[in-house]
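*Asks:* My structure file upload.cif, mmCIF, C-alpha atoms, is below:
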data_work
#
loop_
_atom_site.group_PDB
_atom_site.id
_atom_site.type_symbol
_atom_site.label_atom_id
_atom_site.label_comp_id
_atom_site.auth_asym_id
_atom_site.auth_seq_id
_atom_site.Cartn_x
_atom_site.Cartn_y
_atom_site.Cartn_z
ATOM 1 C CA MET A 1 0.000 0.000 0.000
ATOM 2 C CA LYS A 2 1.139 3.571 -0.644
ATOM 3 C CA ARG A 3 0.262 4.804 2.871
ATOM 4 C CA SER A 4 2.259 2.260 4.794
ATOM 5 C CA ALA A 5 5.202 3.021 2.602
ATOM 6 C CA LYS A 6 5.254 6.603 3.837
ATOM 7 C CA PHE A 7 4.549 6.057 7.608
ATOM 8 C CA ARG A 8 5.282 2.963 9.594
ATOM 9 C CA THR A 9 2.125 1.944 11.494
ATOM 10 C CA SER A 10 4.003 1.580 14.800
ATOM 11 C CA GLU A 11 5.201 5.209 14.645
ATOM 12 C CA GLN A 12 1.703 6.628 14.192
ATOM 13 C CA GLY A 13 0.582 5.174 17.538
ATOM 14 C CA THR A 14 3.615 6.486 19.424
ATOM 15 C CA VAL A 15 3.205 10.020 18.162
ATOM 16 C CA ILE A 16 -0.447 10.321 19.172
ATOM 17 C CA PHE A 17 0.394 8.766 22.528
ATOM 18 C CA ALA A 18 3.163 11.306 23.158
ATOM 19 C CA VAL A 19 0.949 14.231 22.143
ATOM 20 C CA LEU A 20 -1.852 13.029 24.416
ATOM 21 C CA MET A 21 0.628 12.677 27.303
ATOM 22 C CA VAL A 22 1.856 16.240 26.869
ATOM 23 C CA CYS A 23 -1.728 17.538 26.639
ATOM 24 C CA THR A 24 -2.712 15.651 29.799
ATOM 25 C CA ALA A 25 0.299 16.997 31.708
ATOM 26 C CA MET A 26 -0.502 20.565 30.640
ATOM 27 C CA LEU A 27 -4.154 20.098 31.617
ATOM 28 C CA ILE A 28 -3.206 18.805 35.065
ATOM 29 C CA SER A 29 -0.777 21.660 35.723
ATOM 30 C CA ALA A 30 -3.323 24.255 34.530
ATOM 31 C CA ALA A 31 -5.999 22.739 36.781
ATOM 32 C CA THR A 32 -3.599 22.799 39.759
ATOM 33 C CA MET A 33 -2.749 26.442 39.155
ATOM 34 C CA ALA A 34 -6.433 27.347 38.903
ATOM 35 C CA MET A 35 -7.099 25.524 42.175
ATOM 36 C CA VAL A 36 -4.259 27.361 43.922
ATOM 37 C CA VAL A 37 -5.583 30.703 42.690
ATOM 38 C CA VAL A 38 -9.069 29.898 44.011
ATOM 39 C CA ILE A 39 -7.666 28.938 47.435
ATOM 40 C CA LEU A 40 -5.527 32.093 47.574
ATOM 41 C CA LEU A 41 -8.518 34.262 46.655
ATOM 42 C CA HIS A 42 -10.439 32.703 49.515
ATOM 43 C CA VAL A 43 -7.562 33.318 51.963
ATOM 44 C CA GLU A 44 -7.195 36.930 50.823
ATOM 45 C CA SER A 45 -10.926 37.565 51.114
ATOM 46 C CA ASN A 46 -10.896 36.196 54.684
ATOM 47 C CA ARG A 47 -7.931 38.407 55.541
ATOM 48 C CA GLY A 48 -9.709 41.433 54.081
ATOM 49 C CA GLN A 49 -12.894 40.648 56.024
ATOM 50 C CA HIS A 50 -10.940 40.388 59.260
ATOM 51 C CA LEU A 51 -9.159 43.673 58.598
ATOM 52 C CA LYS A 52 -12.528 45.312 57.964
ATOM 53 C CA VAL A 53 -14.147 44.123 61.198
ATOM 54 C CA TYR A 54 -11.009 44.892 63.216
ATOM 55 C CA ASN A 55 -10.867 48.486 61.994
ATOM 56 C CA ALA A 56 -14.614 48.950 62.505
ATOM 57 C CA ALA A 57 -14.350 47.748 66.115
ATOM 58 C CA ARG A 58 -11.262 49.877 66.729
ATOM 59 C CA GLY A 59 -12.895 52.960 65.230
ATOM 60 C CA ILE A 60 -16.001 52.625 67.410
ATOM 61 C CA ALA A 61 -13.880 51.943 70.521
ATOM 62 C CA ILE A 62 -11.737 55.022 69.869
ATOM 63 C CA SER A 63 -14.758 57.243 69.295
ATOM 64 C CA ASP A 64 -16.190 55.895 72.606
ATOM 65 C CA ILE A 65 -12.994 56.938 74.384
ATOM 66 C CA ARG A 66 -13.044 60.368 72.760
ATOM 67 C CA GLN A 67 -16.591 60.882 74.012
ATOM 68 C CA LEU A 68 -15.615 59.709 77.502
ATOM 69 C CA ARG A 69 -12.678 62.114 77.581
ATOM 70 C CA ALA A 70 -14.980 64.957 76.509
ATOM 71 C CA GLY A 71 -17.149 64.137 79.508
ATOM 72 C CA GLN A 72 -20.034 62.600 77.584
ATOM 73 C CA SER A 73 -21.287 59.080 78.006
ATOM 74 C CA PRO A 74 -20.884 57.116 74.764
ATOM 75 C CA GLU A 75 -23.923 55.744 72.970
ATOM 76 C CA ILE A 76 -24.269 52.029 73.436
ATOM 77 C CA GLN A 77 -26.233 51.125 70.337
ATOM 78 C CA PRO A 78 -25.684 48.634 67.563
ATOM 79 C CA VAL A 79 -24.159 50.396 64.563
ATOM 80 C CA ASN A 80 -24.260 49.239 60.952
ATOM 81 C CA ILE A 81 -21.281 50.169 58.796
ATOM 82 C CA GLY A 82 -21.967 48.700 55.368
ATOM 83 C CA ASP A 83 -22.317 44.964 55.984
ATOM 84 C CA ILE A 84 -20.529 45.180 59.339
ATOM 85 C CA LEU A 85 -22.571 45.126 62.541
ATOM 86 C CA VAL A 86 -20.878 46.692 65.584
ATOM 87 C CA ILE A 87 -22.286 45.949 69.027
ATOM 88 C CA SER A 88 -20.894 47.656 72.150
ATOM 89 C CA THR A 89 -21.526 46.764 75.751
ATOM 90 C CA CYS A 90 -20.504 48.707 78.839
ATOM 91 C CA THR A 91 -20.699 48.136 82.587
ATOM 92 C CA ASN A 92 -21.645 50.796 85.098
ATOM 93 C CA THR A 93 -18.732 50.113 87.434
ATOM 94 C CA ASN A 94 -15.524 52.065 87.792
ATOM 95 C CA PRO A 95 -13.369 51.390 85.808
ATOM 96 C CA LEU A 96 -15.858 51.133 82.970
ATOM 97 C CA GLN A 97 -15.555 47.855 81.095
ATOM 98 C CA PHE A 98 -16.239 48.126 77.401
ATOM 99 C CA ARG A 99 -16.591 45.346 74.866
ATOM 100 C CA VAL A 100 -16.927 46.262 71.206
ATOM 101 C CA THR A 101 -17.738 43.412 68.817
ATOM 102 C CA ALA A 102 -17.759 43.935 65.062
ATOM 103 C CA SER A 103 -18.900 41.121 62.814
ATOM 104 C CA THR A 104 -19.722 40.245 59.243
ATOM 105 C CA SER A 105 -21.008 36.902 58.061
ATOM 106 C CA ASP A 106 -17.450 35.557 57.840
ATOM 107 C CA ALA A 107 -15.396 37.359 60.490
ATOM 108 C CA THR A 108 -15.713 38.653 64.031
ATOM 109 C CA ASP A 109 -13.419 40.801 66.141
ATOM 110 C CA THR A 110 -13.836 41.944 69.715
ATOM 111 C CA ILE A 111 -11.938 44.759 71.414
ATOM 112 C CA SER A 112 -12.351 44.998 75.157
ATOM 113 C CA PHE A 113 -10.958 47.851 77.218
ATOM 114 C CA CYS A 114 -11.288 49.416 80.642
ATOM 115 C CA TYR A 115 -11.493 53.156 81.218
ATOM 116 C CA ASP A 116 -10.914 54.748 84.613
ATOM 117 C CA LYS A 117 -13.393 57.618 85.046
ATOM 118 C CA ILE A 118 -11.449 59.240 87.908
ATOM 119 C CA SER A 119 -7.943 59.365 86.426
ATOM 120 C CA LYS A 120 -9.415 59.581 82.875
ATOM 121 C CA LYS A 121 -7.072 56.901 81.604
ATOM 122 C CA ILE A 122 -7.291 53.649 79.718
ATOM 123 C CA VAL A 123 -6.304 50.935 82.161
ATOM 124 C CA SER A 124 -6.378 47.991 79.805
ATOM 125 C CA TRP A 125 -6.816 47.377 76.117
ATOM 126 C CA LEU A 126 -7.214 43.961 74.573
ATOM 127 C CA GLU A 127 -7.705 43.238 70.896
ATOM 128 C CA ASN A 128 -8.944 39.997 69.385
ATOM 129 C CA SER A 129 -10.343 39.052 72.761
ATOM 130 C CA PRO A 130 -12.926 36.270 73.031
ATOM 131 C CA SER A 131 -16.421 37.563 72.313
ATOM 132 C CA ALA A 132 -19.059 37.317 75.016
ATOM 133 C CA MET B 133 9.828 11.107 14.762
ATOM 134 C CA THR B 134 9.625 9.182 18.028
ATOM 135 C CA LEU B 135 13.273 9.812 18.732
ATOM 136 C CA PHE B 136 12.860 13.500 17.998
ATOM 137 C CA LEU B 137 9.911 13.841 20.415
ATOM 138 C CA ALA B 138 11.684 11.791 23.075
ATOM 139 C CA VAL B 139 14.795 13.971 22.869
ATOM 140 C CA ILE B 140 12.732 17.177 23.138
ATOM 141 C CA LEU B 141 10.729 15.847 26.088
ATOM 142 C CA CYS B 142 13.849 14.635 27.897
ATOM 143 C CA SER B 143 15.755 17.872 27.421
ATOM 144 C CA LEU B 144 12.763 19.919 28.543
ATOM 145 C CA THR B 145 12.340 17.779 31.663
ATOM 146 C CA ILE B 146 16.024 18.004 32.561
ATOM 147 C CA ARG B 147 16.029 21.761 32.008
ATOM 148 C CA LEU B 148 12.953 22.132 34.186
ATOM 149 C CA MET B 149 14.501 20.061 36.985
ATOM 150 C CA VAL B 150 17.716 22.093 36.899
ATOM 151 C CA THR B 151 15.747 25.360 37.049
ATOM 152 C CA VAL B 152 13.572 24.133 39.925
ATOM 153 C CA LEU B 153 16.562 22.901 41.934
ATOM 154 C CA HIS B 154 18.374 26.169 41.331
ATOM 155 C CA ALA B 155 15.379 28.285 42.303
ATOM 156 C CA GLU B 156 14.574 26.268 45.414
ATOM 157 C CA SER B 157 17.481 27.564 47.502
ATOM 158 C CA GLY B 158 16.726 31.174 46.601
ATOM 159 C CA LEU B 159 13.068 30.662 47.368
ATOM 160 C CA GLU B 160 13.914 29.258 50.782
ATOM 161 C CA THR B 161 15.842 32.387 51.844
ATOM 162 C CA GLN B 162 13.088 34.549 50.460
ATOM 163 C CA ASN B 163 10.441 32.614 52.411
ATOM 164 C CA GLU B 164 12.466 32.951 55.585
ATOM 165 C CA GLN B 165 12.792 36.698 55.058
ATOM 166 C CA THR B 166 9.071 37.107 54.363
ATOM 167 C CA ALA B 167 8.269 35.162 57.531
ATOM 168 C CA MET B 168 10.558 37.425 59.592
ATOM 169 C CA LEU B 169 9.065 40.595 58.113
ATOM 170 C CA GLN B 170 5.550 39.320 58.775
ATOM 171 C CA ASN B 171 6.655 38.568 62.329
ATOM 172 C CA ILE B 172 7.811 42.182 62.785
ATOM 173 C CA GLU B 173 4.587 43.486 61.274
ATOM 174 C CA ARG B 174 2.387 41.347 63.528
ATOM 175 C CA VAL B 175 4.181 41.953 66.846
ATOM 176 C CA LEU B 176 4.984 45.629 66.271
ATOM 177 C CA GLY B 177 1.488 46.205 64.891
ATOM 178 C CA GLU B 178 -0.203 44.731 67.947
ATOM 179 C CA ASP B 179 2.021 46.682 70.333
ATOM 180 C CA CYS B 180 1.582 49.955 68.436
ATOM 181 C CA HIS B 181 -2.194 49.577 68.241
ATOM 182 C CA THR B 182 -2.276 49.219 72.022
ATOM 183 C CA ALA B 183 0.423 51.774 72.948
ATOM 184 C CA ILE B 184 -0.696 54.772 74.991
ATOM 185 C CA ALA B 185 2.714 56.428 74.819
ATOM 186 C CA VAL B 186 5.434 56.179 72.204
ATOM 187 C CA GLU B 187 8.887 57.694 72.060
ATOM 188 C CA ILE B 188 12.284 57.203 70.488
ATOM 189 C CA ALA B 189 14.995 57.066 73.118
ATOM 190 C CA GLY B 190 18.545 56.722 71.817
ATOM 191 C CA ASN B 191 18.548 53.839 69.373
ATOM 192 C CA GLU B 192 15.336 52.344 70.648
ATOM 193 C CA LEU B 193 11.646 52.630 69.974
ATOM 194 C CA VAL B 194 9.804 52.612 73.302
ATOM 195 C CA LEU B 195 6.119 51.701 73.547
ATOM 196 C CA ARG B 196 4.110 51.957 76.757
ATOM 197 C CA LEU B 197 1.006 49.779 76.981
ATOM 198 C CA PRO B 198 -2.080 50.450 79.144
ATOM 199 C CA SER B 199 -1.213 47.402 81.253
ATOM 200 C CA GLY B 200 1.898 49.263 82.469
ATOM 201 C CA GLU B 201 4.282 47.113 80.454
ATOM 202 C CA VAL B 202 6.948 48.970 78.470
ATOM 203 C CA TYR B 203 8.480 47.413 75.367
ATOM 204 C CA HIS B 204 11.739 48.443 73.715
ATOM 205 C CA TYR B 205 12.522 47.702 70.071
ATOM 206 C CA ALA B 206 16.161 47.732 69.028
ATOM 207 C CA VAL B 207 18.805 46.075 66.871
ATOM 208 C CA ASN B 208 21.418 44.266 68.956
ATOM 209 C CA ASP B 209 25.107 43.708 68.182
ATOM 210 C CA ARG B 210 24.351 40.381 66.476
ATOM 211 C CA SER B 211 22.177 42.194 63.888
ATOM 212 C CA GLN B 212 19.001 40.788 65.339
ATOM 213 C CA PHE B 213 15.911 42.953 65.644
ATOM 214 C CA VAL B 214 14.725 42.367 69.204
ATOM 215 C CA ARG B 215 11.855 43.422 71.426
ATOM 216 C CA TYR B 216 12.358 43.362 75.169
ATOM 217 C CA GLY B 217 9.995 44.169 77.991
ATOM 218 C CA GLU B 218 11.053 46.164 81.051
ATOM 219 C CA SER B 219 9.742 43.411 83.278
ATOM 220 C CA GLY B 220 11.840 40.892 81.363
ATOM 221 C CA GLY B 221 11.591 38.726 78.290
ATOM 222 C CA VAL B 222 13.443 39.171 75.042
ATOM 223 C CA THR B 223 11.954 38.236 71.666
ATOM 224 C CA VAL B 224 14.010 38.040 68.499
ATOM 225 C CA LEU B 225 11.774 39.316 65.714
ATOM 226 C CA ALA B 226 14.202 39.026 62.819
ATOM 227 C CA ASN B 227 17.733 37.883 61.979
ATOM 228 C CA ALA B 228 20.212 39.392 59.531
ATOM 229 C CA VAL B 229 18.924 42.931 59.893
ATOM 230 C CA GLN B 230 21.228 45.596 58.537
ATOM 231 C CA SER B 231 19.493 48.700 59.821
ATOM 232 C CA VAL B 232 16.233 49.895 61.307
ATOM 233 C CA SER B 233 15.091 53.475 61.355
ATOM 234 C CA ALA B 234 11.935 54.729 63.021
ATOM 235 C CA SER B 235 10.156 58.009 63.390
ATOM 236 C CA THR B 236 7.014 59.098 65.196
ATOM 237 C CA VAL B 237 4.830 61.982 64.131
ATOM 238 C CA GLN B 238 1.692 62.668 66.169
ATOM 239 C CA GLY B 239 1.517 59.140 67.469
ATOM 240 C CA VAL B 240 2.047 57.460 64.115
ATOM 241 C CA VAL B 241 5.024 55.114 64.028
ATOM 242 C CA ASP B 242 6.866 54.872 60.748
ATOM 243 C CA MET B 243 9.551 52.194 60.564
ATOM 244 C CA THR B 244 11.944 51.176 57.805
ATOM 245 C CA VAL B 245 13.748 47.865 58.069
ATOM 246 C CA GLN B 246 16.643 46.990 55.794
ATOM 247 C CA MET B 247 17.751 43.369 55.658
ATOM 248 C CA ASP B 248 21.241 42.096 54.881
ATOM 249 C CA THR B 249 19.966 41.005 51.468
ATOM 250 C CA GLY B 250 19.280 44.660 50.666
ATOM 251 C CA HIS B 251 15.531 44.243 50.904
ATOM 252 C CA ILE B 252 13.801 47.303 52.395
ATOM 253 C CA SER B 253 10.410 47.134 54.102
ATOM 254 C CA ASN B 254 8.330 49.957 55.444
ATOM 255 C CA PHE B 255 5.744 49.716 58.223
ATOM 256 C CA THR B 256 3.331 52.399 59.370
ATOM 257 C CA PHE B 257 1.102 51.988 62.413
ATOM 258 C CA SER B 258 -1.170 54.353 64.267
ATOM 259 C CA THR B 259 -0.862 54.085 68.027
ATOM 260 C CA LEU B 260 -3.702 54.421 70.513
ATOM 261 C CA ALA B 261 -1.934 57.525 71.844
ATOM 262 C CA GLY B 262 -2.196 59.155 68.424
ATOM 263 C CA CYS B 263 -5.855 58.217 68.010
ATOM 264 C CA ILE B 264 -7.139 59.643 71.296
ATOM 265 C CA ARG B 265 -4.941 62.695 71.651
#
Can you turn what I pasted into structure tokens?

*Replies:*
Amino acid sequence: MKRSAKFRTSEQGTVIFAVLMVCTAMLISAATMAMVVVILLHVESNRGQHLKVYNAARGIAISDIRQLRAGQSPEIQPVNIGDILVISTCTNTNPLQFRVTASTSDATDTISFCYDKISKKIVSWLENSPSA
Amino acid sequence: MTLFLAVILCSLTIRLMVTVLHAESGLETQNEQTAMLQNIERVLGEDCHTAIAVEIAGNELVLRLPSGEVYHYAVNDRSQFVRYGESGGVTVLANAVQSVSASTVQGVVDMTVQMDTGHISNFTFSTLAGCIR
């Protein structure tokens, strides 16, 4: 036959096999890279969420302290900042014990601090403390 | 044809292995450095965010926390960046540090760390003292 004179049948099989192997290897490496990117995106989004709730809690806590220093009593009301919910609690003792919890659906951060009304000083400040 | 493909595949594989082996050692040092810089960022960040007083005394950055604890940040004679508390306890934050410079303006700490590799990192943190002044 003319065809078998040009290509040996055994060679045809090897070539397609080699090409398929290379394609499979490339597919596997591409899939792995895509998977890694998805995982990293998830990690970064979690990090961003935590940064958001931390700064929200810190901002509310600092504005509470500013109000205390100005002689006013801070408002203890739940505050919504975008999708973040900030809840503050405060005791009536001296020193005042504050607990500010900011949370989204994925992350929560609690800042608890004590403020001495007589010396007008912060006596303790704890970030990432366990929420009540 | 088979031989041609086999030779190309083999040479590509060998080349890839050589590159990976070569890059691995460099990557390891880089990972170590990143870990140390993240360590500085985490510890210094937490201390700064809680500090009610901050000053630069001599070659040290001094942070006073509400709990009464005072922490000093300095580079020691073995080019380690260390943090030590006045009531004791020394933490090595990073090795192979060439120089650290810090400045505070209105309670904001600005720190530049240069590693022996020449890598320069910059950290900026707002302290509690700066926020409630």

*Asks:* Would you give me, as a ChimeraX atom specification, the residues of chain B that come within 12 Å of chain A, using only C-alpha atoms?

*Replies:* /B:133-141,144-145,177-185,196-201,258-265

*Asks:* Can you work out the spacing between atom CA of Glu218 of chain B and atom CA of Gln238 of chain B in Å, to one decimal?

*Replies:*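 So the answer is 24.1 Å.
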
*Asks:* For the file shown, what are the residues hit by the PyMOL selection byres ((chain A and resi 84) around 10), laid out as a compact mmCIF listing (two decimals) with C-alpha atoms, keeping the file's coordinate frame?

*Replies:*
# COMPACT_ATOMS: atom_id res chain seq x y z
CA GLN A 49 -12.89 40.65 56.02
CA LYS A 52 -12.53 45.31 57.96
CA VAL A 53 -14.15 44.12 61.20
CA ALA A 56 -14.61 48.95 62.50
CA ALA A 57 -14.35 47.75 66.11
CA VAL A 79 -24.16 50.40 64.56
CA ASN A 80 -24.26 49.24 60.95
CA ILE A 81 -21.28 50.17 58.80
CA GLY A 82 -21.97 48.70 55.37
CA ASP A 83 -22.32 44.96 55.98
CA LEU A 85 -22.57 45.13 62.54
CA VAL A 86 -20.88 46.69 65.58
CA ILE A 87 -22.29 45.95 69.03
CA ALA A 102 -17.76 43.94 65.06
CA SER A 103 -18.90 41.12 62.81
CA THR A 104 -19.72 40.24 59.24
CA SER A 105 -21.01 36.90 58.06
CA ALA A 107 -15.40 37.36 60.49
CA THR A 108 -15.71 38.65 64.03

*Asks:* Please report the interatomic distance between atom CA of Glu173 of chain B and atom CA of Glu192 of chain B in Å with one decimal.

*Replies:*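 It comes out at 16.8 Å.
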
*Asks:* What is the distance, in Å and to one decimal place, between atom CA of Met35 of chain A and atom CA of Met149 of chain B?

*Replies:*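 Distance between the two atoms: 22.9 Å.
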
*Asks:* How would you write as a VMD selection string the residues that get within 9 Å of (13.0, 39.1, 58.4) in the file's frame, counting all atoms listed in the file?

*Replies:* chain B and resid 164 to 172 213 225 to 229 245 247

*Asks:* Give the padded box for segment 117-126 of chain A as lines of an AutoDock Vina configuration file: axis-aligned, covering all atoms listed in the file, 3 Å on each side, centre and edge lengths in Å to one decimal.

*Replies:*
center_x = -9.8
center_y = 51.8
center_z = 81.2
size_x = 13.1
size_y = 21.6
size_z = 19.3

*Asks:* If we count only C-alpha atoms and set the cut-off at 7 Å, which residues sit around Thr110 of chain A, ignoring sequence neighbours fewer than 6 positions away in its own chain? Please answer as a list in words.

*Replies:* Ala57, Arg99, Val100, Thr101, Ala102, Glu127, Asn128, Ser129, Pro130 and Ser131 of chain A

*Asks:* What would the selection look like, as a list in words, if the PyMOL selection byres ((chain B and resi 231) around 12) were run on the coordinates I just shared?

*Replies:*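 With the shown file as input, the PyMOL selection byres ((chain B and resi 231) around 12) matches Asn191, Ala206, Val207, Asn208, Asp209, Arg210, Ser211, Gln212, Phe213, Ala226, Asn227, Ala228, Val229, Gln230, Val232, Ser233, Ala234, Met243, Thr244, Val245, Gln246, Met247, Asp248, Thr249, Gly250, His251, Ile252 and Ser253 of chain B.
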
*Asks:* Can you give me, as a PDB file with C-alpha atoms, keeping the file's coordinate frame, the residues this file yields under the PyMOL selection byres ((chain B and resi 237) around 10)?

*Replies:*
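And here's expr27.pdb as it stands now:
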ATOM      1  CA  VAL B 186       5.434  56.179  72.204  1.00  0.00           C
ATOM      2  CA  GLU B 187       8.887  57.694  72.060  1.00  0.00           C
ATOM      3  CA  SER B 235      10.156  58.009  63.390  1.00  0.00           C
ATOM      4  CA  THR B 236       7.014  59.098  65.196  1.00  0.00           C
ATOM      5  CA  GLN B 238       1.692  62.668  66.169  1.00  0.00           C
ATOM      6  CA  GLY B 239       1.517  59.140  67.469  1.00  0.00           C
ATOM      7  CA  VAL B 240       2.047  57.460  64.115  1.00  0.00           C
ATOM      8  CA  VAL B 241       5.024  55.114  64.028  1.00  0.00           C
ATOM      9  CA  ASP B 242       6.866  54.872  60.748  1.00  0.00           C
ATOM     10  CA  SER B 258      -1.170  54.353  64.267  1.00  0.00           C
ATOM     11  CA  GLY B 262      -2.196  59.155  68.424  1.00  0.00           C
TER      12      GLY B 262
END

*Asks:* Because the input lacks atoms here, generate N, CA and C atoms for segment 190-211 of chain B and report them as a PDB file, in the frame of the given file.

*Replies:*
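selection.pdb, written as the output of this step:
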ATOM      1  N   GLY B 190      17.276  57.253  72.298  1.00  0.00           N
ATOM      2  CA  GLY B 190      18.545  56.722  71.817  1.00  0.00           C
ATOM      3  C   GLY B 190      18.318  55.936  70.545  1.00  0.00           C
ATOM      4  N   ASN B 191      18.731  54.668  70.558  1.00  0.00           N
ATOM      5  CA  ASN B 191      18.548  53.839  69.373  1.00  0.00           C
ATOM      6  C   ASN B 191      17.365  52.890  69.526  1.00  0.00           C
ATOM      7  N   GLU B 192      16.434  53.259  70.382  1.00  0.00           N
ATOM      8  CA  GLU B 192      15.336  52.344  70.648  1.00  0.00           C
ATOM      9  C   GLU B 192      13.987  53.016  70.436  1.00  0.00           C
ATOM     10  N   LEU B 193      13.037  52.176  70.026  1.00  0.00           N
ATOM     11  CA  LEU B 193      11.646  52.630  69.974  1.00  0.00           C
ATOM     12  C   LEU B 193      10.979  52.103  71.240  1.00  0.00           C
ATOM     13  N   VAL B 194      10.380  53.008  72.020  1.00  0.00           N
ATOM     14  CA  VAL B 194       9.804  52.612  73.302  1.00  0.00           C
ATOM     15  C   VAL B 194       8.294  52.767  73.255  1.00  0.00           C
ATOM     16  N   LEU B 195       7.584  51.676  73.558  1.00  0.00           N
ATOM     17  CA  LEU B 195       6.119  51.701  73.547  1.00  0.00           C
ATOM     18  C   LEU B 195       5.603  51.367  74.945  1.00  0.00           C
ATOM     19  N   ARG B 196       4.707  52.210  75.445  1.00  0.00           N
ATOM     20  CA  ARG B 196       4.110  51.957  76.757  1.00  0.00           C
ATOM     21  C   ARG B 196       2.670  51.496  76.569  1.00  0.00           C
ATOM     22  N   LEU B 197       2.340  50.337  77.131  1.00  0.00           N
ATOM     23  CA  LEU B 197       1.006  49.779  76.981  1.00  0.00           C
ATOM     24  C   LEU B 197       0.132  50.150  78.179  1.00  0.00           C
ATOM     25  N   PRO B 198      -1.196  50.101  78.020  1.00  0.00           N
ATOM     26  CA  PRO B 198      -2.080  50.450  79.144  1.00  0.00           C
ATOM     27  C   PRO B 198      -1.868  49.547  80.357  1.00  0.00           C
ATOM     28  N   SER B 199      -1.417  48.326  80.142  1.00  0.00           N
ATOM     29  CA  SER B 199      -1.213  47.402  81.253  1.00  0.00           C
ATOM     30  C   SER B 199      -0.030  47.818  82.125  1.00  0.00           C
ATOM     31  N   GLY B 200       0.742  48.832  81.698  1.00  0.00           N
ATOM     32  CA  GLY B 200       1.898  49.263  82.469  1.00  0.00           C
ATOM     33  C   GLY B 200       3.192  48.694  81.923  1.00  0.00           C
ATOM     34  N   GLU B 201       3.083  47.717  81.044  1.00  0.00           N
ATOM     35  CA  GLU B 201       4.282  47.113  80.454  1.00  0.00           C
ATOM     36  C   GLU B 201       4.895  48.068  79.437  1.00  0.00           C
ATOM     37  N   VAL B 202       6.242  48.121  79.431  1.00  0.00           N
ATOM     38  CA  VAL B 202       6.948  48.970  78.470  1.00  0.00           C
ATOM     39  C   VAL B 202       7.816  48.081  77.593  1.00  0.00           C
ATOM     40  N   TYR B 203       7.687  48.231  76.292  1.00  0.00           N
ATOM     41  CA  TYR B 203       8.480  47.413  75.367  1.00  0.00           C
ATOM     42  C   TYR B 203       9.473  48.273  74.590  1.00  0.00           C
ATOM     43  N   HIS B 204      10.689  47.763  74.477  1.00  0.00           N
ATOM     44  CA  HIS B 204      11.739  48.443  73.715  1.00  0.00           C
ATOM     45  C   HIS B 204      12.006  47.645  72.446  1.00  0.00           C
ATOM     46  N   TYR B 205      12.157  48.344  71.344  1.00  0.00           N
ATOM     47  CA  TYR B 205      12.522  47.702  70.071  1.00  0.00           C
ATOM     48  C   TYR B 205      13.900  48.211  69.672  1.00  0.00           C
ATOM     49  N   ALA B 206      14.815  47.300  69.382  1.00  0.00           N
ATOM     50  CA  ALA B 206      16.161  47.732  69.028  1.00  0.00           C
ATOM     51  C   ALA B 206      16.863  46.657  68.207  1.00  0.00           C
ATOM     52  N   VAL B 207      17.955  47.039  67.568  1.00  0.00           N
ATOM     53  CA  VAL B 207      18.805  46.075  66.871  1.00  0.00           C
ATOM     54  C   VAL B 207      20.007  45.815  67.770  1.00  0.00           C
ATOM     55  N   ASN B 208      20.287  44.555  68.075  1.00  0.00           N
ATOM     56  CA  ASN B 208      21.418  44.266  68.956  1.00  0.00           C
ATOM     57  C   ASN B 208      22.700  44.062  68.151  1.00  0.00           C
ATOM     58  N   ASP B 209      23.817  43.773  68.874  1.00  0.00           N
ATOM     59  CA  ASP B 209      25.107  43.708  68.182  1.00  0.00           C
ATOM     60  C   ASP B 209      25.268  42.459  67.329  1.00  0.00           C
ATOM     61  N   ARG B 210      24.293  41.551  67.366  1.00  0.00           N
ATOM     62  CA  ARG B 210      24.351  40.381  66.476  1.00  0.00           C
ATOM     63  C   ARG B 210      23.391  40.546  65.293  1.00  0.00           C
ATOM     64  N   SER B 211      23.121  41.799  64.951  1.00  0.00           N
ATOM     65  CA  SER B 211      22.177  42.194  63.888  1.00  0.00           C
ATOM     66  C   SER B 211      20.851  41.443  63.947  1.00  0.00           C
TER      67      SER B 211
END
